[in-house]
Every structure is written in structure tokens, then in C-alpha cells.
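Have a look at the structure below, then the notes.
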Amino acid sequence: MRTLNYIAPLALALALAACGEATESESGASSSDAVEAVEAPAGQKWSETVSKTDAGGIVMGNPDAPIKLVEYMSITCSHCKDFGEQAFVPLRDNYVDSGKVSFEIRNFVRDPLDLSAAILSRCGGEAPFFPLTEQALSYQGTMFEKAQSMGEATYSSILQSAPESRFVRLAEQLGLISFFQQRGISEDQAKACLADTAAAEALMNDTQAAAEEYNIEGTPTFLINGQKIEGTNWMMVETKLKEAGAR
């Protein structure tokens, strides 16, 4: 178990560290027969069915979907940003809404910037999580610029402050509170979420557990039906979904 008392000051460069690299080698889900589409309840889309999972992630789609795609992602990871831009719409419209595939995001927090953004992406509950995460990824470049401009001394001072104020201060410096405020999370709500040390510790502990269980070395990392696959871009992941029967 990790606690907030163990988050040491980290160099600003950590936020810019390399995340998972795309690879030509593929393994994981094997070829399967095509699965049948499943109709959503009347008047609904499966992508509107969103809930929290026992693993600490947020999942959209048919709870009984035969193909379960999980992404371990970091909001400060450039490859995660690229995947979101490539994949979110076709994954939702062509696969999740068919009832064949459910899609779960599990935050794999890499640094304090990522943790602050992850907390805020969850602050409104499950329903807005996916659009808030997608938009937070689009803010990545601005967040890095603000992190660099605050300077190492300010950054270290923030990370050495009390756990209940640490991420509030950091999010203010990064412009994250105003960013999420424009997307329906009030300033008071954002600050309350950022001051919730138990929520921050849960995200870190989930990250540690995932690293140990699946030997995750970079983000994004994907599972299909509990099996880790190779690849970090939508083309490779879509190929694996089709091999698993989503076609």
C-alpha cells in the first residue's frame, strides 16, 4: 500500500517521460467466431451505461458483453492522448454500442500531474468520466507548459505541503480547476475531490496492484478478456477486437 506521505518531490521532467511505445509485435486475444450484437434496453445506448468496477476503473457498455476491453491509461501520456483521438468515437459507435464490447478505463497514475487530473476526471461521478477524460487528454500540452513555467522550487514546495492541500495547489497552478469548472465541475466540488486523500491513495494503490498483476511497464496497456495484448494504437487494438469476435 502506498500513502500520500510517500509521494516525494519529482522532477518536472517526469511528467514528460516516455510512455508506452507502439510495437509491430502482437500477441494476446486469439481468433474467435464472430459474436452477436446485443440490443440495448429500449431508448438507451450501451455507451450510456457506465459504472465503476471492482478494479477501480470506469466501464461503459453492456455489462455482459462477451468481449471486455480494458485500457490502463495516464492523462500525462502522449500515446494515451493519441489513442483517445483515434479510438474513442469508432470504439464507442462501432463496438460498445453493438453490445459486443465493453470498454473500461483504469487510471494508471504516473506522476502528481496525472494524479491531479485523474482525480478531477472522476469528480463528477461515473456518467461524465469518459468525456472528461477525453477532454483532459486534450489539455495535456497546456498542462505541461504550466508545469514547466511554475519552476522546480514551486513544484517541490507544493509536493511537500499537507496531503489535503497538495493536489488543490497543484491543480490551481496547472489551470485544472478552471478547466474542469468550464466542464461542469464547480470550484468547490473540484477542491473537495482534490482534498480527498483516501481517493488519491486508492488511485495509487490500484496502480501499484495493476503493475504487479499485469507487469505494466508503460501506458497505454490493454487487456482483452483479462489477457494483456501488445500495441498502443487503435489499428492494433481494433485488430485484436476483431480477432476476439467483434466483427
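As shown in the C-alpha cells, the chain order sets the letters A, B, ...; within each chain, residues go from 1, and ligands are also counted from 1 in the order they appear.
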
Report as a tab-separated table: every residue of region 129-192 of chain A with an atom at most 12 Å from region 63-74 of chain A, its closest pair of atoms, and their distance in Å to one decimal, counting only C-alpha atoms, with rows sorted by chain and ascending residue number.
residue	atom	partner	partner_atom	distance
A:Thr133	CA	A:Ser74	CA	9.7
A:Glu134	CA	A:Met73	CA	11.2
A:Ala136	CA	A:Ser74	CA	10.4
A:Leu137	CA	A:Ser74	CA	8.7
A:Gln140	CA	A:Ser74	CA	10.5

I want to know what sits within 9 Å of Ala34 (chain A), based on only C-alpha atoms, with residues of the same chain fewer than 5 positions away left out; could you give that as a PyMOL selection string?
chain A and resi 242-247

Keeping only N, CA and C atoms, write the selected residues as an mmCIF file, in the first residue's frame.
data_model
loop_
_atom_site.group_PDB
_atom_site.id
_atom_site.type_symbol
_atom_site.label_atom_id
_atom_site.label_comp_id
_atom_site.auth_asym_id
_atom_site.auth_seq_id
_atom_site.Cartn_x
_atom_site.Cartn_y
_atom_site.Cartn_z
ATOM 1 N N LYS A 242 -11.312 -7.590 -33.343
ATOM 2 C CA LYS A 242 -11.899 -8.386 -34.421
ATOM 3 C C LYS A 242 -11.498 -9.847 -34.286
ATOM 4 N N GLU A 243 -10.246 -10.086 -33.911
ATOM 5 C CA GLU A 243 -9.816 -11.477 -33.714
ATOM 6 C C GLU A 243 -10.573 -12.137 -32.577
ATOM 7 N N ALA A 244 -10.994 -11.323 -31.603
ATOM 8 C CA ALA A 244 -11.766 -11.856 -30.475
ATOM 9 C C ALA A 244 -13.240 -12.063 -30.807
ATOM 10 N N GLY A 245 -13.655 -11.629 -32.019
ATOM 11 C CA GLY A 245 -15.024 -11.882 -32.449
ATOM 12 C C GLY A 245 -15.879 -10.655 -32.648
ATOM 13 N N ALA A 246 -15.323 -9.466 -32.445
ATOM 14 C CA ALA A 246 -16.090 -8.219 -32.598
ATOM 15 C C ALA A 246 -16.023 -7.741 -34.039
ATOM 16 N N ARG A 247 -16.754 -8.436 -34.923
ATOM 17 C CA ARG A 247 -16.717 -8.066 -36.340
ATOM 18 C C ARG A 247 -18.065 -8.334 -36.984
#

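The space separating CA of Ser98 (chain A) from CA of Ala37 (chain A) comes to 5.2 Å.
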
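Between CA of Trp46 (chain A) and CA of Cys77 (chain A) there is a distance of 27.6 Å.
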
Tell me which protein, DNA and RNA residues are within 10 Å of Ser138 (chain A), counting only C-alpha atoms, leaving out same-chain ones fewer than 4 positions away, and put them as an MDAnalysis selection string.
chainID A and resid 75 78 81:82 84:85 132:134 142:143

Export, as a compact mmCIF listing (two decimals), in the first residue's frame, the selected residues with N, CA and C atoms.
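Wrote it out as out-v5.txt, contents follow:
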# COMPACT_ATOMS: atom_id res chain seq x y z
N ILE A 75 -3.21 10.26 -17.97
CA ILE A 75 -3.59 11.51 -18.63
C ILE A 75 -2.36 12.29 -19.07
N SER A 78 1.44 10.78 -23.80
CA SER A 78 1.13 11.24 -25.15
C SER A 78 0.49 10.14 -26.00
N LYS A 81 -3.13 9.97 -25.23
CA LYS A 81 -3.81 11.06 -25.93
C LYS A 81 -4.06 10.68 -27.38
N ASP A 82 -3.04 10.13 -28.04
CA ASP A 82 -3.19 9.73 -29.43
C ASP A 82 -4.26 8.64 -29.57
N GLY A 84 -6.82 8.05 -27.61
CA GLY A 84 -8.13 8.63 -27.41
C GLY A 84 -8.65 9.34 -28.64
N GLU A 85 -7.77 10.08 -29.31
CA GLU A 85 -8.17 10.80 -30.51
C GLU A 85 -8.52 9.85 -31.64
N LEU A 132 -14.92 13.63 -19.84
CA LEU A 132 -13.97 14.45 -19.08
C LEU A 132 -12.54 13.94 -19.27
N THR A 133 -12.37 12.63 -19.32
CA THR A 133 -11.04 12.07 -19.55
C THR A 133 -10.54 12.42 -20.94
N GLU A 134 -11.41 12.30 -21.93
CA GLU A 134 -11.04 12.64 -23.30
C GLU A 134 -10.61 14.10 -23.40
N THR A 142 -1.03 22.00 -22.65
CA THR A 142 -1.12 23.19 -21.81
C THR A 142 -0.70 22.88 -20.39
N MET A 143 -1.09 21.72 -19.90
CA MET A 143 -0.72 21.31 -18.54
C MET A 143 0.80 21.21 -18.40

Nearest candidate to Leu159 (chain A) (options A:Asp97, A:Glu126, A:Asp111, A:Glu238; using only C-alpha atoms)
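Of all the options, A:Asp111 lies closest to Leu159 (chain A).
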
Which residues are close to region 160-175 of chain A, i.e. within 6 Å by only C-alpha atoms, leaving aside same-chain residues fewer than 6 positions away? Reply as a ChimeraX atom specification.
/A:116,143,146,191,194-195

So, with only C-alpha atoms as the atoms that count, which of A:Val89, A:Cys80, A:Ala199, A:Ile158 lies closest to Pro220 (chain A)?
A:Cys80

Neighbour list for Lys45 (chain A) as an NGL selection string, cut-off 10 Å, only C-alpha atoms, skip fewer than 2 positions in-chain:
:A and (39-43 or 47-49 or 61-62 or 92-93 or 96-99)

Given only C-alpha atoms as the counted atoms, nearest of A:Leu115, A:Met60, A:Val38, A:Leu91 to Asn205 (chain A)
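Ranking A:Leu115, A:Met60, A:Val38, A:Leu91 by distance to Asn205 (chain A), first place goes to A:Leu115.
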
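Of the residues under consideration (A:Ala192, A:Ala127, A:Met235, A:Leu176), A:Met235 shows the shortest atom-to-atom contact distance to Phe83 (chain A) when counting only C-alpha atoms.
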
Got a sec to tell me which of region 19-212 of chain A DSSP assigns to helix (DSSP H, G or I), as a count of residues only?
103

Would you please work out which residue, of A:Leu120, A:Met236, A:Ile224, A:Met150, is nearest to Ser178 (chain A) when using only C-alpha atoms?
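Looking at the shortest contact to Ser178 (chain A), the residue is A:Leu120.
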
Check region 8-212 of chain A with DSSP on the backbone and list each residue it calls strand (DSSP E), as a list in words.
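Matching residues for strand (DSSP E) in region 8-212 of chain A are Val50, Ser51, Lys52, Ile58, Val59, Met60, Ile67, Lys68, Leu69, Val70, Glu71, Tyr72, Met73, Val101, Ser102, Phe103, Glu104, Ile105, Arg106 and Asn107 of chain A.
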
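For the atom pair formed by CA of Asn94 (chain A) and CA of Asp33 (chain A), the distance is 17.6 Å, given to one decimal.
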
Of the candidates A:Glu217, A:Glu104, A:Glu36, A:Glu201, which one gets nearest to Ser51 (chain A) if we count only C-alpha atoms?
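Closest to Ser51 (chain A) of all the choices is A:Glu104.
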